[in-house]
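The structure file protein.txt is reproduced below (compact mmCIF, C-alpha atoms).
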# COMPACT_ATOMS: atom_id res chain seq x y z
CA MET L 1422 -39.56 -32.31 -1.05
CA ALA L 1423 -41.52 -33.97 1.75
CA ARG L 1424 -43.79 -36.91 1.08
CA VAL L 1425 -47.45 -36.66 2.13
CA LYS L 1426 -48.13 -39.04 5.03
CA THR L 1427 -51.40 -40.98 5.06
CA ALA L 1428 -52.58 -43.32 7.81
CA GLY L 1429 -54.38 -46.56 7.02
CA ALA L 1430 -55.78 -49.34 9.18
CA GLY L 1431 -52.85 -50.42 11.34
CA ALA L 1432 -50.25 -49.20 8.84
CA VAL L 1433 -48.59 -46.01 7.73
CA SER L 1434 -48.09 -45.30 4.04
CA TYR L 1435 -46.64 -42.40 2.13
CA GLY L 1436 -48.18 -40.76 -0.89
CA LYS L 1437 -46.48 -39.29 -3.93
CA LYS L 1438 -43.57 -36.92 -3.54
CA GLU L 1439 -44.68 -33.29 -3.32
CA THR L 1440 -43.68 -31.21 -6.34
CA LEU L 1441 -41.67 -28.02 -6.07
CA LEU L 1442 -44.55 -25.94 -7.47
CA SER L 1443 -47.07 -27.25 -4.94
CA TYR L 1444 -44.54 -26.78 -2.13
CA MET L 1445 -44.03 -23.13 -3.15
CA LYS L 1446 -47.78 -22.58 -3.37
CA ARG L 1447 -48.21 -24.00 0.12
CA HIS L 1448 -45.55 -21.62 1.46
CA LYS L 1449 -46.30 -18.69 -0.84
CA TRP L 1450 -46.28 -16.08 1.97
CA MET L 1451 -42.81 -17.13 3.11
CA TYR L 1452 -41.49 -16.75 -0.44
CA LEU L 1453 -43.25 -13.39 -0.72
CA LEU L 1454 -41.39 -12.19 2.39
CA MET L 1455 -38.12 -13.29 0.76
CA LEU L 1456 -38.84 -11.37 -2.44
CA PRO L 1457 -37.49 -7.90 -1.40
CA GLY L 1458 -34.21 -9.43 -0.25
CA ILE L 1459 -33.89 -11.50 -3.41
CA ILE L 1460 -34.55 -8.44 -5.61
CA TYR L 1461 -31.95 -6.42 -3.67
CA PHE L 1462 -29.25 -9.07 -4.09
CA VAL L 1463 -30.02 -9.61 -7.77
CA ILE L 1464 -29.94 -5.89 -8.64
CA PHE L 1465 -27.05 -4.71 -6.45
CA LYS L 1466 -24.93 -7.86 -6.05
CA TYR L 1467 -25.33 -10.19 -9.02
CA VAL L 1468 -26.13 -7.91 -11.96
CA PRO L 1469 -23.00 -5.73 -11.40
CA MET L 1470 -20.86 -8.89 -11.56
CA ALA L 1471 -21.40 -8.87 -15.33
CA GLY L 1472 -19.00 -5.92 -15.41
CA LEU L 1473 -16.13 -8.18 -14.31
CA VAL L 1474 -15.69 -9.14 -17.95
CA ILE L 1475 -13.83 -5.86 -18.55
CA SER L 1476 -10.92 -7.20 -16.45
CA PHE L 1477 -10.17 -9.43 -19.46
CA GLN L 1478 -10.41 -6.53 -21.95
CA ASN L 1479 -8.81 -3.20 -22.78
CA TYR L 1480 -12.10 -1.59 -21.96
CA SER L 1481 -13.04 1.66 -23.68
CA PRO L 1482 -16.23 3.53 -22.68
CA TYR L 1483 -16.64 4.55 -26.32
CA LEU L 1484 -16.54 0.96 -27.64
CA GLY L 1485 -18.43 -0.61 -24.72
CA ILE L 1486 -18.07 -4.12 -23.33
CA LEU L 1487 -18.96 -5.82 -26.60
CA GLY L 1488 -16.62 -3.74 -28.76
CA SER L 1489 -13.54 -3.56 -26.51
CA GLU L 1490 -10.41 -5.59 -27.31
CA ARG L 1491 -9.97 -8.85 -25.40
CA VAL L 1492 -6.58 -9.30 -23.71
CA GLY L 1493 -7.14 -12.38 -21.52
CA LEU L 1494 -5.12 -12.42 -18.30
CA GLU L 1495 -2.81 -9.58 -19.33
CA HIS L 1496 -4.00 -7.17 -16.61
CA PHE L 1497 -3.58 -9.81 -13.91
CA LYS L 1498 -0.01 -10.53 -15.05
CA THR L 1499 0.80 -6.82 -15.06
CA PHE L 1500 -0.58 -6.44 -11.54
CA PHE L 1501 1.35 -9.39 -10.11
CA MET L 1502 4.61 -8.13 -11.66
CA ASN L 1503 3.99 -4.57 -10.45
CA PRO L 1504 6.12 -3.53 -7.41
CA ASP L 1505 2.91 -2.11 -5.93
CA PHE L 1506 1.51 -5.64 -5.52
CA LYS L 1507 3.82 -6.53 -2.61
CA MET L 1508 3.25 -3.16 -0.94
CA LEU L 1509 -0.55 -3.49 -1.20
CA LEU L 1510 -0.48 -7.05 0.11
CA VAL L 1511 1.68 -6.12 3.12
CA ASN L 1512 -0.30 -2.97 3.96
CA THR L 1513 -3.70 -4.64 3.62
CA PHE L 1514 -2.81 -7.74 5.60
CA SER L 1515 -1.02 -5.72 8.30
CA ILE L 1516 -4.12 -3.64 9.04
CA SER L 1517 -6.46 -6.63 8.74
CA ILE L 1518 -4.40 -8.89 11.03
CA LEU L 1519 -4.15 -6.14 13.64
CA ASN L 1520 -7.93 -5.77 13.45
CA LEU L 1521 -8.34 -9.54 13.76
CA VAL L 1522 -6.05 -9.78 16.80
CA PHE L 1523 -7.13 -6.67 18.71
CA PHE L 1524 -10.59 -5.76 17.41
CA PHE L 1525 -12.25 -9.16 16.96
CA PRO L 1526 -12.00 -10.24 20.65
CA MET L 1527 -13.27 -6.90 21.99
CA PRO L 1528 -17.02 -7.48 21.33
CA ILE L 1529 -16.71 -10.89 23.02
CA ILE L 1530 -14.94 -9.46 26.07
CA LEU L 1531 -17.39 -6.57 26.32
CA ALA L 1532 -20.39 -8.92 26.01
CA LEU L 1533 -18.99 -11.13 28.80
CA LEU L 1534 -18.50 -8.11 31.07
CA LEU L 1535 -21.90 -6.64 30.29
CA ASN L 1536 -23.57 -10.00 30.84
CA GLU L 1537 -22.40 -9.91 34.49
CA ILE L 1538 -24.35 -6.71 35.21
CA LYS L 1539 -27.58 -7.71 36.93
CA ASN L 1540 -29.23 -4.27 37.02
CA LYS L 1541 -31.28 -4.21 33.80
CA PHE L 1542 -31.52 -0.41 33.59
CA MET L 1543 -27.77 0.04 33.99
CA LYS L 1544 -27.09 -2.78 31.53
CA LYS L 1545 -29.35 -1.30 28.85
CA SER L 1546 -27.93 2.21 29.41
CA ILE L 1547 -24.31 1.07 29.06
CA GLN L 1548 -25.18 -1.04 26.02
CA THR L 1549 -26.87 1.92 24.32
CA MET L 1550 -23.94 4.26 24.99
CA ILE L 1551 -21.47 1.71 23.68
CA TYR L 1552 -23.15 0.99 20.35
CA ILE L 1553 -24.12 4.60 19.53
CA PRO L 1554 -20.71 5.22 17.80
CA HIS L 1555 -21.71 2.67 15.14
CA PHE L 1556 -24.21 5.21 13.77
CA ILE L 1557 -21.63 8.00 13.56
CA SER L 1558 -20.31 8.66 10.05
CA MET L 1559 -16.68 7.75 9.39
CA VAL L 1560 -16.20 11.34 8.24
CA ILE L 1561 -17.10 12.48 11.77
CA VAL L 1562 -14.78 9.85 13.29
CA ALA L 1563 -11.92 11.08 11.10
CA SER L 1564 -12.67 14.69 12.11
CA ILE L 1565 -12.60 13.75 15.80
CA THR L 1566 -9.29 11.96 15.24
CA PHE L 1567 -7.78 15.02 13.58
CA THR L 1568 -9.05 17.25 16.38
CA LEU L 1569 -7.47 15.05 19.05
CA LEU L 1570 -4.18 14.21 17.35
CA ASN L 1571 -3.08 17.22 15.27
CA THR L 1572 0.21 18.77 16.37
CA ASP L 1573 -1.05 22.36 16.65
CA SER L 1574 -4.03 22.14 18.96
CA GLY L 1575 -4.73 18.43 19.45
CA VAL L 1576 -5.74 17.62 23.02
CA ILE L 1577 -3.63 14.46 23.21
CA ASN L 1578 -0.58 16.22 21.80
CA GLN L 1579 -1.08 19.06 24.27
CA ILE L 1580 -1.06 16.57 27.15
CA ILE L 1581 2.06 14.84 25.78
CA TYR L 1582 3.76 18.20 25.34
CA SER L 1583 2.99 19.26 28.91
CA LEU L 1584 4.48 16.00 30.21
CA THR L 1585 7.48 15.52 27.91
CA GLY L 1586 8.05 18.82 26.11
CA ASN L 1587 7.66 17.05 22.74
CA LYS L 1588 4.85 16.57 20.25
CA LEU L 1589 4.23 13.41 18.24
CA GLU L 1590 3.36 13.38 14.54
CA PHE L 1591 0.44 10.96 14.88
CA LEU L 1592 -1.20 11.91 11.59
CA SER L 1593 1.88 11.99 9.38
CA ASP L 1594 4.25 9.39 10.88
CA PRO L 1595 3.64 6.02 9.14
CA LYS L 1596 4.35 4.02 12.30
CA TYR L 1597 1.17 5.35 13.98
CA PHE L 1598 -1.22 4.94 11.05
CA ARG L 1599 -2.18 1.28 11.49
CA TRP L 1600 -2.77 1.66 15.22
CA ILE L 1601 -4.99 4.69 14.66
CA ILE L 1602 -7.11 2.66 12.23
CA VAL L 1603 -7.45 -0.22 14.72
CA ILE L 1604 -8.38 2.11 17.59
CA GLN L 1605 -10.99 3.83 15.43
CA ASN L 1606 -12.53 0.44 14.59
CA ILE L 1607 -12.56 -0.62 18.23
CA TRP L 1608 -14.25 2.60 19.35
CA LYS L 1609 -16.79 2.66 16.53
CA GLU L 1610 -17.80 -0.97 16.01
CA THR L 1611 -17.17 -2.88 19.25
CA GLY L 1612 -20.58 -2.03 20.70
CA TRP L 1613 -22.41 -3.06 17.54
CA GLY L 1614 -20.55 -6.37 17.25
CA MET L 1615 -21.29 -7.03 20.92
CA ILE L 1616 -25.03 -7.37 20.20
CA ILE L 1617 -24.57 -10.73 18.44
CA PHE L 1618 -22.64 -12.20 21.35
CA LEU L 1619 -25.11 -10.84 23.90
CA ALA L 1620 -27.86 -12.63 21.99
CA ALA L 1621 -25.81 -15.85 22.11
CA LEU L 1622 -25.21 -15.41 25.86
CA ALA L 1623 -28.95 -15.05 26.44
CA GLY L 1624 -29.38 -18.65 25.30
CA VAL L 1625 -26.91 -20.16 27.79
CA ASP L 1626 -28.63 -22.50 30.27
CA THR L 1627 -28.46 -20.93 33.76
CA GLN L 1628 -28.46 -24.40 35.33
CA LEU L 1629 -24.92 -24.86 33.99
CA TYR L 1630 -23.77 -21.90 36.09
CA GLU L 1631 -25.53 -23.30 39.15
CA ALA L 1632 -23.81 -26.65 38.65
CA ALA L 1633 -20.45 -24.91 38.24
CA GLN L 1634 -21.01 -22.96 41.47
CA VAL L 1635 -21.80 -26.18 43.32
CA ASP L 1636 -18.49 -27.56 42.07
CA GLY L 1637 -16.75 -24.50 43.50
CA ALA L 1638 -16.02 -22.69 40.24
CA GLY L 1639 -15.49 -18.94 40.48
CA LYS L 1640 -16.50 -16.34 37.89
CA LEU L 1641 -13.44 -16.81 35.69
CA ARG L 1642 -13.79 -20.59 35.66
CA GLN L 1643 -17.50 -20.27 34.86
CA VAL L 1644 -16.65 -18.05 31.91
CA TRP L 1645 -13.93 -20.41 30.69
CA HIS L 1646 -15.76 -23.72 31.17
CA VAL L 1647 -19.42 -22.71 30.70
CA THR L 1648 -19.90 -19.41 28.88
CA LEU L 1649 -17.23 -19.64 26.17
CA PRO L 1650 -18.04 -23.26 25.19
CA ALA L 1651 -21.72 -22.32 25.01
CA ILE L 1652 -21.11 -19.49 22.51
CA LYS L 1653 -18.21 -21.20 20.72
CA SER L 1654 -20.21 -21.87 17.55
CA THR L 1655 -21.17 -18.18 17.29
CA ILE L 1656 -17.55 -17.12 17.77
CA ILE L 1657 -16.37 -19.53 15.06
CA ILE L 1658 -18.99 -18.36 12.55
CA MET L 1659 -18.08 -14.71 13.19
CA LEU L 1660 -14.39 -15.58 12.84
CA ILE L 1661 -14.97 -17.26 9.47
CA MET L 1662 -16.85 -14.20 8.25
CA LYS L 1663 -14.08 -11.92 9.57
CA VAL L 1664 -11.42 -13.91 7.72
CA GLY L 1665 -13.38 -13.31 4.51
CA THR L 1666 -12.95 -9.55 4.98
CA LEU L 1667 -9.17 -9.59 5.60
CA LEU L 1668 -8.54 -7.92 2.24
CA ASN L 1669 -11.40 -5.48 2.78
CA THR L 1670 -9.97 -2.80 5.08
CA GLY L 1671 -12.71 -0.26 4.37
CA PHE L 1672 -12.19 2.34 1.67
CA GLU L 1673 -13.77 5.36 3.37
CA GLN L 1674 -11.78 5.08 6.61
CA ILE L 1675 -8.40 4.57 4.90
CA PHE L 1676 -9.09 7.27 2.31
CA LEU L 1677 -9.94 9.85 4.99
CA MET L 1678 -6.89 9.10 7.15
CA LYS L 1679 -4.42 8.72 4.27
CA ASN L 1680 -2.08 11.56 3.26
CA SER L 1681 1.10 11.99 1.26
CA LEU L 1682 3.31 11.40 4.31
CA ASN L 1683 1.82 8.08 5.45
CA SER L 1684 0.86 6.68 2.03
CA SER L 1685 3.67 4.10 2.21
CA VAL L 1686 1.63 2.16 4.78
CA ALA L 1687 -1.85 3.54 3.99
CA GLU L 1688 -2.19 2.44 0.36
CA VAL L 1689 -4.38 -0.67 0.32
CA PHE L 1690 -6.34 -2.55 -2.35
CA ASP L 1691 -9.47 -0.43 -1.88
CA THR L 1692 -7.73 2.93 -2.27
CA TYR L 1693 -5.54 1.57 -5.08
CA VAL L 1694 -8.60 0.50 -7.09
CA TYR L 1695 -10.19 3.92 -6.55
CA THR L 1696 -7.04 5.80 -7.57
CA LEU L 1697 -6.51 3.81 -10.77
CA GLY L 1698 -10.11 3.24 -11.76
CA ILE L 1699 -11.77 6.56 -10.93
CA THR L 1700 -9.03 9.19 -10.99
CA GLN L 1701 -6.83 7.68 -13.73
CA GLY L 1702 -9.45 5.88 -15.83
CA ALA L 1703 -7.69 2.48 -15.83
CA PHE L 1704 -11.03 0.64 -15.70
CA SER L 1705 -9.86 -2.79 -16.82
CA TYR L 1706 -6.75 -2.86 -14.66
CA SER L 1707 -8.56 -1.69 -11.52
CA THR L 1708 -11.35 -4.22 -12.14
CA ALA L 1709 -8.73 -6.98 -12.35
CA VAL L 1710 -7.29 -5.85 -8.99
CA GLY L 1711 -10.75 -5.84 -7.41
CA MET L 1712 -11.52 -9.27 -8.86
CA PHE L 1713 -8.28 -10.67 -7.45
CA LYS L 1714 -9.24 -9.37 -4.01
CA SER L 1715 -12.70 -10.95 -4.22
CA VAL L 1716 -11.37 -14.33 -5.36
CA VAL L 1717 -8.80 -14.43 -2.55
CA ALA L 1718 -11.48 -13.51 0.01
CA THR L 1719 -13.73 -16.32 -1.25
CA VAL L 1720 -10.90 -18.85 -1.06
CA MET L 1721 -10.05 -17.74 2.48
CA VAL L 1722 -13.66 -18.14 3.65
CA LEU L 1723 -13.96 -21.60 2.10
CA THR L 1724 -10.58 -22.69 3.51
CA THR L 1725 -11.33 -21.43 7.02
CA ASN L 1726 -14.75 -23.08 6.95
CA TRP L 1727 -13.18 -26.37 5.80
CA ILE L 1728 -10.54 -26.24 8.56
CA CYS L 1729 -13.20 -25.55 11.22
CA LYS L 1730 -15.32 -28.50 10.08
CA LYS L 1731 -12.27 -30.77 9.95
CA CYS L 1732 -11.58 -29.80 13.57
CA GLY L 1733 -15.11 -30.87 14.49
CA GLU L 1734 -16.52 -27.36 14.85
CA THR L 1735 -19.61 -25.79 13.31
CA GLY L 1736 -19.03 -24.03 9.97
CA LEU L 1737 -21.07 -21.67 7.86
CA TYR L 1738 -22.52 -24.58 5.89

Turn the structure described in the file into structure tokens.
Amino acid sequence: MARVKTAGAGAVSYGKKETLLSYMKRHKWMYLLMLPGIIYFVIFKYVPMAGLVISFQNYSPYLGILGSERVGLEHFKTFFMNPDFKMLLVNTFSISILNLVFFFPMPIILALLLNEIKNKFMKKSIQTMIYIPHFISMVIVASITFTLLNTDSGVINQIIYSLTGNKLEFLSDPKYFRWIIVIQNIWKETGWGMIIFLAALAGVDTQLYEAAQVDGAGKLRQVWHVTLPAIKSTIIIMLIMKVGTLLNTGFEQIFLMKNSLNSSVAEVFDTYVYTLGITQGAFSYSTAVGMFKSVVATVMVLTTNWICKKCGETGLY
């Protein structure tokens, strides 16, 4: 805590160290504003973590957590030896890496393009239209996808048929599944992710652009040498957070687009946990799978943050 500064005759002295209680009393309104967020995280984030103990048990709803048999790491060993483990790892990382490569740069590119529009009304209108899809339910997005891509009356398949005489099995052929997921994410979330980078761009000093113009730099060189370095810290922080979600492909989206014909590439950790835990009642085993995913995600965030700081960049902490 801060020390209380007192001024004497010709000298500066410091009083006793301020206690935590007095510091909190002095900033009581700030702590009061934090209270709703703290309560939310405690109730919905930390309290449910107590249920992770069942991953080390043969949990039975009739016996409860205290009465169920303890089995240690047995469920984790079973999962790692299961042939499904490799399939889940490949499917999850394939979708996540495609999202990282193709989806992550899109908000940055879109923010850079939108930042060049000088007409405020046009800029605000385009921005609004672009981030509206974020508020559309994934159920609606899946319905639109089915309407466009089904082989019977899908608009895209009708166009392909009129040009080539053939129809493509977009919804059932496994080779199209991952790309459909990535395109859905780009359409739905690019505009929303763009807001963060637009806010970062608003803080770039305009004098840097003027200096670059004096030096003869065109628009592309200004973007490369002025804009991107100015928002580099924001990009790195967002990248670290994105790496932490590599194993989290989004249950609802995958579940809605998955079917028996594309399940070989559509089965990921999220849907696997749902299938085993909810539909088959394997509570302990599915909890162990979910816990493994969370631990790996935490390690990936910490590792990425450590690498960024070792490279001299700004990290999360």

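You will find CA of Leu1622 in chain L at 26.9 Å from CA of Ser1517 in chain L.
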
List the neighbours of range 1540-1548 of chain L out to 10 Å using all atoms listed in the file; skip same-chain residues closer than 2 positions along the sequence, and give me the result as a list in words. Leu1531, Ala1532, Leu1535, Asn1536, Glu1537, Ile1538, Met1550, Ile1551, Tyr1552, Ile1553, Gly1612, Trp1613, Met1615 and Ile1616 of chain L

List the neighbours of Ala1651 in chain L out to 12 Å using all atoms listed in the file; skip same-chain residues closer than 4 positions along the sequence, and give me the result as a list in words.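 Final neighbour list, sorted by chain and number: Phe1618, Ala1620, Ala1621, Leu1622, Ala1623, Gly1624, Val1625, Asp1626, Thr1627, Leu1629, Tyr1630, Gln1643, Val1644, Trp1645, His1646, Val1647, Thr1655, Ile1656 and Ile1657 of chain L.
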
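CA of Gly1665 in chain L to CA of Ala1718 in chain L spans 4.9 Å [interatomic distance, one decimal].
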
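In this model, the gap between CA of Lys1466 in chain L and CA of Phe1497 in chain L comes to 22.8 Å.
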
Nearest residue to Thr1708 in chain L from the set L:Phe1591, L:Phe1672, L:Tyr1695, L:Tyr1582 (distances using only C-alpha atoms):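 The shortest atom-to-atom distance to Thr1708 in chain L comes from L:Tyr1695.
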
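In this comparison, which uses all atoms listed in the file, the residue of L:Ile1529, L:Ile1577, L:Ile1460, L:Ile1557 approaching Lys1653 in chain L most closely is L:Ile1529.
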
Counting all atoms listed in the file, what is within 10 Å of His1496 in chain L, bar same-chain residues fewer than 2 positions away, as an MDAnalysis selection string? chainID L and resid 1476:1479 1492:1494 1498:1502 1705:1710

Got a sec: who's within 7 Å of range 1511-1513 of chain L, counting only C-alpha atoms, leaving out chain neighbours fewer than 5 positions off, as number ranges by chain? L: 1668, 1670, 1686-1690

Using all atoms listed in the file, the shortest atom-to-atom distance to Ser1685 in chain L among L:Met1445, L:Asn1503, L:Ser1489, L:Met1508 belongs to L:Met1508

Measuring between all atoms listed in the file, which one of L:Ala1471, L:Val1576, L:Thr1696, L:Tyr1444 shows the shortest distance to Leu1487 in chain L?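 That would be L:Ala1471, the residue with the smallest distance to Leu1487 in chain L.
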
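Nearest to Thr1572 in chain L of all the residues L:Met1659, L:Leu1667, L:Leu1589, L:Leu1454 is L:Leu1589, counting only C-alpha atoms.
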
Excluding Met1678 in chain L and its own-chain neighbours fewer than 5 positions away, which residues fall within 9 Å of it when counting only C-alpha atoms? Please give them as a PyMOL selection string. chain L and resi 1563+1566-1567+1592+1598+1601-1602+1673+1683+1687

Output the selection as a compact mmCIF listing (two decimals), keeping the file's coordinate frame - C-alpha atoms for each residue.
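Produced file part_2.txt, reproduced below:
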# COMPACT_ATOMS: atom_id res chain seq x y z
CA ALA L 1563 -11.92 11.08 11.10
CA THR L 1566 -9.29 11.96 15.24
CA PHE L 1567 -7.78 15.02 13.58
CA LEU L 1592 -1.20 11.91 11.59
CA PHE L 1598 -1.22 4.94 11.05
CA ILE L 1601 -4.99 4.69 14.66
CA ILE L 1602 -7.11 2.66 12.23
CA GLU L 1673 -13.77 5.36 3.37
CA ASN L 1683 1.82 8.08 5.45
CA ALA L 1687 -1.85 3.54 3.99

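Minimum distance to Ile1607 in chain L across L:Pro1528, L:Gly1698, L:Pro1504, L:Gly1458 (counting only C-alpha atoms) occurs at L:Pro1528.
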
Let me have the centre and edge lengths in Å, one decimal, of the box along x, y and z around every listed atom of range 1559-1576 of chain L with 3 Å of margin on each side, as JSON.
{"center_x": -8.4, "center_y": 15.1, "center_z": 15.6, "size_x": 23.3, "size_y": 20.6, "size_z": 20.8}
